[in-house]
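Engineer: Here's a structure for you.
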Amino acid sequence: MRTPLTELVGIEHPVVQTGMGWVAGPSLVSATSEAGGLGILASATMTFDELEAAIAKTKAQTNKPFGVNIRADASDAGERIDLLIREKVAVASFALAPKKDLIAKLKDHGVVVIPSIGAAKHAVKVASWGADAVIVQGGEGGGHTGPVATTLLLPSVLDAVDIPVVAAGGFFDGRGLAAALAYGAAGIAMGTRFLLTQESSVPEAVKQEYLRRHLQDTVVSTKVDGMPHRVLNTELVQRLEHSGRVRGLTAAVGNAMRFKSMTGMKWSTMIRDGLAMRKTKDLTWSQVIMAANTPMLLRAGLVEGNTQAGVLAAGQVTGILDDLPTCKDLIDRIVEDAIARIDTIAALPQRTGPSSGTAD
């Protein structure tokens with residue numbers, strides 16, 4: 001199945017595995033790319049040295065294109081971009097719009113730039129700056145999300161830009177891929193569906209917790225990090241939802257200090273990142289502190305398997321998934337099903353002449 005996305009990146013199938021923090025490591029990314037999709041490493045929860053090692057490990061496991069997701073507002077974003085260029089990584093993915101000069105630098109060195117955006121106006125902006133494509137995630141998606149459903153957000157973006165658009169938020173099977181292509185998208189991106197695969201590093205008990213959930217079992221909370229965040233509705237999330245401001249900030253500060261210790265980040269770096277977040281996202285200082293809390297809450301759930309002390313980012317598709325396929329089996333069946341459904345639509349009877357109307 002060839003689309004503008006497959007042609008742009010050099011992949012076989014228009015299926016993208018998103019850069020999920022603590023989840024999208026070398027095993028998942030290389031398995032996705034080997035299966036013909038585009039795997040994306042999540043670097044926001046990695047130190048620079050960890051990212052360098054992850055890229056090397058991924059390259060050792062696949063010679064097919066893969067990407068790296070970078071925080072555009074990180075204090076060492078420039079250094080990480082230099083690493084991608086040096087290692088000839090195929091795609092640079094961004095959760096926030098990268099600066100125009102960063103896009104130009106990547107493109108000058110042959111790296112495809114694909115930011116994730118949540119509104120048509122943001123797509124227009126990054127397209128004018130030279131982005132090669134965009135990923136647009138509707139409100140059904142997990143993690144940081146917006147209020148507009150994919151079925152409305154996707155066409156609004158497609159109407160606004162001429163670059164390839166990848167649809168995310170609510171996709172998990174061939175029906176979704178066929179529908180996205182019918183809208184005019186160049187492919188689909190999935191997070192939760194890839195989290196629930198055999199190659200995902202998430203503990204088995206946590207995967208089973210996801211599979212037990214229903215369509216109504218996710219919630220969009222602002223108490224995780226001050227911004228709308230779709231997660232599984234757990235006891236911890238309910239406690240956060242009903243916690244007072246002081247108690248929530250106290251816990252956030254403690255987790256921010258733990259994250260600093262674990263990653264070896266300097267206080268000066270954290271402060272610079274906080275200032276950048278305030279500027280780019282228009283956050284209060286309390287929201288900045290809560291944002292620093294998020295990596296540890298996600299790590300507790302997705303790495304340590306502690307569903308009582310951790311937060312589990314989850315798209316609404318969680319409630320409809322019931323298996324743990326390999327990445328290859330997943331991508332193969334999505335593409336095969338999409339092709340079959342497109343063929344079925346193409347075979348529908350078509351009127352060849354004017355309606356006969358009523359009899360004379």
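Chain labels run A, B, ... following the order of the structure tokens; each chain numbers its residues from 1, and ligands are numbered from 1 in the order shown.
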Going by DSSP on the backbone, which bits of region 56-264 of chain A are strand (DSSP E or B)? Write them as JSON, numbers by chain, please.

Structural biologist: {"A": [66, 67, 68, 69, 70, 91, 92, 93, 94, 112, 113, 114, 115, 116, 117, 134, 135, 136, 137, 143, 144, 165, 166, 167, 168, 187, 188, 189, 190, 218, 219, 220, 221, 229, 230, 231, 232]}

Engineer: Just the residues within 12 Å of Pro203 (chain A), please, counting only C-alpha atoms, with nothing from its chain fewer than 3 positions along; format it as a ChimeraX atom specification.

Structural biologist: /A:22-23,195-200,206-210,299-307,312

Engineer: With N, CA, C and O atoms retained, export the selected residues as a PDB file, in the first residue's frame.

Structural biologist:
ATOM      1  N   TRP A  22       8.725   5.956  27.982  1.00  0.00           N
ATOM      2  CA  TRP A  22       8.919   4.732  28.762  1.00  0.00           C
ATOM      3  C   TRP A  22       8.460   3.476  28.020  1.00  0.00           C
ATOM      4  O   TRP A  22       8.662   2.369  28.498  1.00  0.00           O
ATOM      5  N   VAL A  23       7.834   3.618  26.850  1.00  0.00           N
ATOM      6  CA  VAL A  23       7.297   2.461  26.130  1.00  0.00           C
ATOM      7  C   VAL A  23       8.023   2.232  24.800  1.00  0.00           C
ATOM      8  O   VAL A  23       8.382   1.100  24.475  1.00  0.00           O
ATOM      9  N   LEU A 195       1.343  -0.226  22.264  1.00  0.00           N
ATOM     10  CA  LEU A 195       1.680  -0.522  23.659  1.00  0.00           C
ATOM     11  C   LEU A 195       1.236  -1.940  24.003  1.00  0.00           C
ATOM     12  O   LEU A 195       1.910  -2.647  24.755  1.00  0.00           O
ATOM     13  N   LEU A 196       0.115  -2.348  23.435  1.00  0.00           N
ATOM     14  CA  LEU A 196      -0.426  -3.680  23.699  1.00  0.00           C
ATOM     15  C   LEU A 196      -0.022  -4.659  22.602  1.00  0.00           C
ATOM     16  O   LEU A 196      -0.841  -5.238  21.893  1.00  0.00           O
ATOM     17  N   THR A 197       1.304  -4.830  22.449  1.00  0.00           N
ATOM     18  CA  THR A 197       1.873  -5.835  21.562  1.00  0.00           C
ATOM     19  C   THR A 197       2.894  -6.643  22.339  1.00  0.00           C
ATOM     20  O   THR A 197       3.307  -6.269  23.434  1.00  0.00           O
ATOM     21  N   GLN A 198       3.341  -7.733  21.753  1.00  0.00           N
ATOM     22  CA  GLN A 198       4.303  -8.598  22.440  1.00  0.00           C
ATOM     23  C   GLN A 198       5.652  -7.920  22.624  1.00  0.00           C
ATOM     24  O   GLN A 198       6.347  -8.160  23.617  1.00  0.00           O
ATOM     25  N   GLU A 199       6.046  -7.060  21.669  1.00  0.00           N
ATOM     26  CA  GLU A 199       7.359  -6.423  21.769  1.00  0.00           C
ATOM     27  C   GLU A 199       7.384  -5.212  22.690  1.00  0.00           C
ATOM     28  O   GLU A 199       8.447  -4.689  23.004  1.00  0.00           O
ATOM     29  N   SER A 200       6.243  -4.754  23.119  1.00  0.00           N
ATOM     30  CA  SER A 200       6.178  -3.634  24.061  1.00  0.00           C
ATOM     31  C   SER A 200       6.808  -4.043  25.386  1.00  0.00           C
ATOM     32  O   SER A 200       6.583  -5.151  25.884  1.00  0.00           O
ATOM     33  N   VAL A 206       0.471  -5.135  33.621  1.00  0.00           N
ATOM     34  CA  VAL A 206      -0.084  -3.834  33.226  1.00  0.00           C
ATOM     35  C   VAL A 206      -0.840  -3.969  31.903  1.00  0.00           C
ATOM     36  O   VAL A 206      -1.920  -3.387  31.725  1.00  0.00           O
ATOM     37  N   LYS A 207      -0.281  -4.745  30.976  1.00  0.00           N
ATOM     38  CA  LYS A 207      -0.984  -4.975  29.711  1.00  0.00           C
ATOM     39  C   LYS A 207      -2.353  -5.610  29.974  1.00  0.00           C
ATOM     40  O   LYS A 207      -3.356  -5.234  29.353  1.00  0.00           O
ATOM     41  N   GLN A 208      -2.389  -6.567  30.891  1.00  0.00           N
ATOM     42  CA  GLN A 208      -3.659  -7.220  31.215  1.00  0.00           C
ATOM     43  C   GLN A 208      -4.634  -6.237  31.846  1.00  0.00           C
ATOM     44  O   GLN A 208      -5.856  -6.329  31.639  1.00  0.00           O
ATOM     45  N   GLU A 209      -4.112  -5.274  32.612  1.00  0.00           N
ATOM     46  CA  GLU A 209      -4.973  -4.237  33.192  1.00  0.00           C
ATOM     47  C   GLU A 209      -5.635  -3.409  32.084  1.00  0.00           C
ATOM     48  O   GLU A 209      -6.827  -3.097  32.153  1.00  0.00           O
ATOM     49  N   TYR A 210      -4.877  -3.074  31.049  1.00  0.00           N
ATOM     50  CA  TYR A 210      -5.439  -2.359  29.902  1.00  0.00           C
ATOM     51  C   TYR A 210      -6.532  -3.201  29.234  1.00  0.00           C
ATOM     52  O   TYR A 210      -7.610  -2.697  28.905  1.00  0.00           O
ATOM     53  N   ARG A 299       6.332   6.427  34.732  1.00  0.00           N
ATOM     54  CA  ARG A 299       7.332   5.377  34.911  1.00  0.00           C
ATOM     55  C   ARG A 299       6.858   4.331  35.914  1.00  0.00           C
ATOM     56  O   ARG A 299       7.040   3.122  35.716  1.00  0.00           O
ATOM     57  N   ALA A 300       6.244   4.796  37.008  1.00  0.00           N
ATOM     58  CA  ALA A 300       5.768   3.865  38.037  1.00  0.00           C
ATOM     59  C   ALA A 300       4.789   2.852  37.446  1.00  0.00           C
ATOM     60  O   ALA A 300       4.821   1.662  37.791  1.00  0.00           O
ATOM     61  N   GLY A 301       3.931   3.309  36.542  1.00  0.00           N
ATOM     62  CA  GLY A 301       2.951   2.408  35.968  1.00  0.00           C
ATOM     63  C   GLY A 301       3.481   1.609  34.798  1.00  0.00           C
ATOM     64  O   GLY A 301       3.318   0.385  34.745  1.00  0.00           O
ATOM     65  N   LEU A 302       4.148   2.263  33.850  1.00  0.00           N
ATOM     66  CA  LEU A 302       4.516   1.618  32.598  1.00  0.00           C
ATOM     67  C   LEU A 302       5.832   0.856  32.648  1.00  0.00           C
ATOM     68  O   LEU A 302       6.080  -0.013  31.809  1.00  0.00           O
ATOM     69  N   VAL A 303       6.691   1.177  33.619  1.00  0.00           N
ATOM     70  CA  VAL A 303       7.980   0.487  33.745  1.00  0.00           C
ATOM     71  C   VAL A 303       7.997  -0.418  34.967  1.00  0.00           C
ATOM     72  O   VAL A 303       8.324  -1.602  34.888  1.00  0.00           O
ATOM     73  N   GLU A 304       7.608   0.143  36.115  1.00  0.00           N
ATOM     74  CA  GLU A 304       7.644  -0.622  37.358  1.00  0.00           C
ATOM     75  C   GLU A 304       6.407  -1.494  37.550  1.00  0.00           C
ATOM     76  O   GLU A 304       6.397  -2.378  38.407  1.00  0.00           O
ATOM     77  N   GLY A 305       5.365  -1.232  36.766  1.00  0.00           N
ATOM     78  CA  GLY A 305       4.155  -2.048  36.864  1.00  0.00           C
ATOM     79  C   GLY A 305       3.317  -1.770  38.088  1.00  0.00           C
ATOM     80  O   GLY A 305       2.460  -2.575  38.459  1.00  0.00           O
ATOM     81  N   ASN A 306       3.534  -0.625  38.718  1.00  0.00           N
ATOM     82  CA  ASN A 306       2.788  -0.274  39.926  1.00  0.00           C
ATOM     83  C   ASN A 306       1.561   0.546  39.541  1.00  0.00           C
ATOM     84  O   ASN A 306       1.621   1.763  39.423  1.00  0.00           O
ATOM     85  N   THR A 307       0.459  -0.135  39.317  1.00  0.00           N
ATOM     86  CA  THR A 307      -0.749   0.556  38.877  1.00  0.00           C
ATOM     87  C   THR A 307      -1.404   1.350  40.002  1.00  0.00           C
ATOM     88  O   THR A 307      -2.294   2.161  39.744  1.00  0.00           O
ATOM     89  N   LEU A 312      -1.342   5.609  33.944  1.00  0.00           N
ATOM     90  CA  LEU A 312      -1.276   4.826  32.716  1.00  0.00           C
ATOM     91  C   LEU A 312      -1.956   5.595  31.581  1.00  0.00           C
ATOM     92  O   LEU A 312      -3.186   5.638  31.492  1.00  0.00           O
TER      93      LEU A 312
END

Engineer: Between A:His214, A:Ile342, A:Ile81, A:Gly146, which residue has the minimum interatomic distance to Ala179 (chain A), considering only C-alpha atoms?

Structural biologist: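 For Ala179 (chain A), the nearest of the given residues is A:Ile342.
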
Engineer: Given only C-alpha atoms as the basis, pick out the residue of A:Asp101, A:Asp332, A:Glu87, A:Asp159 nearest to Glu12 (chain A).

Structural biologist: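 Among the listed residues, the smallest separation from Glu12 (chain A) belongs to A:Asp332.
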
Engineer: Determine the nearest neighbour of Val136 (chain A) from the options A:Val224, A:Ala44, A:Leu83, A:Thr18, counting only C-alpha atoms.

Structural biologist: A:Thr18

Engineer: Quick one: of A:Ala178, A:Met1, A:Val148, A:Val311, who's nearest to Lys223 (chain A), counting only C-alpha atoms?

Structural biologist: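 For Lys223 (chain A), the nearest of the candidates is A:Val311.
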
Engineer: Could you tell me which of A:Gly143, A:Pro325, A:Gly78, A:Gly191 comes closest to Val29 (chain A) if we count only C-alpha atoms?

Structural biologist: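 Residue with the minimum atom-to-atom distance to Val29 (chain A): A:Gly191.
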
Engineer: For region 172-175 of chain A, work out the shell of residues within 7 Å, counting only C-alpha atoms and skipping chain neighbours fewer than 4 positions away, then give it as a PyMOL selection string.

Structural biologist: chain A and resi 179+190+193+334-335+337-338

Engineer: Restricting the calculation to only C-alpha atoms, which member of A:Phe194, A:Leu51, A:Ala74, A:Asp162 is positioned closest to Leu330 (chain A)?

Structural biologist: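 Smallest separation from Leu330 (chain A) among the options: A:Phe194.
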
Engineer: Give me the residues near Pro14 (chain A) as a list of chain:residue names, where near means some atom within 10 Å (using only C-alpha atoms) and where sequence neighbours in that chain fewer than 3 positions away do not count.

Structural biologist: A:Met1, A:Arg2, A:Thr3, A:Pro4, A:Leu5, A:Thr6, A:Glu7, A:Val9, A:Ile11, A:Gly36, A:Gly37, A:Leu38, A:Val166, A:Leu177, A:Leu181, A:Ala185, A:Ala186, A:Gly187, A:Ile188, A:Ala189, A:Ile331, A:Val335

Engineer: Leaving out Val68 (chain A) and any residue of its chain fewer than 5 positions from it, which residues lie within 6 Å of it when counting only C-alpha atoms, given as a ChimeraX atom specification?

Structural biologist: /A:40-41,92-93

Engineer: As an exercise, work out the distance from CA of Gln17 (chain A) to CA of Asp108 (chain A) in Å and give it to one decimal place.

Structural biologist: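 Rounded to one decimal, the two atoms are 25.1 Å apart.
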
Engineer: Residues near Val231 (chain A), anyone? I mean within 12 Å using only C-alpha atoms, not counting same-chain ones fewer than 6 positions away, as an MDAnalysis selection string.

Structural biologist: chainID A and resid 139:145 192 210 213 216:225 237:238 294 297:298 301:302 307 310:318

Engineer: Quick one: pick out all alpha helix (DSSP H) residues within region 61-102 of chain A from a backbone DSSP run and write them as a list in words.

Structural biologist: Gln61, Ala77, Gly78, Glu79, Arg80, Ile81, Asp82, Leu83, Leu84, Ile85, Arg86, Lys100, Asp101 and Leu102 of chain A
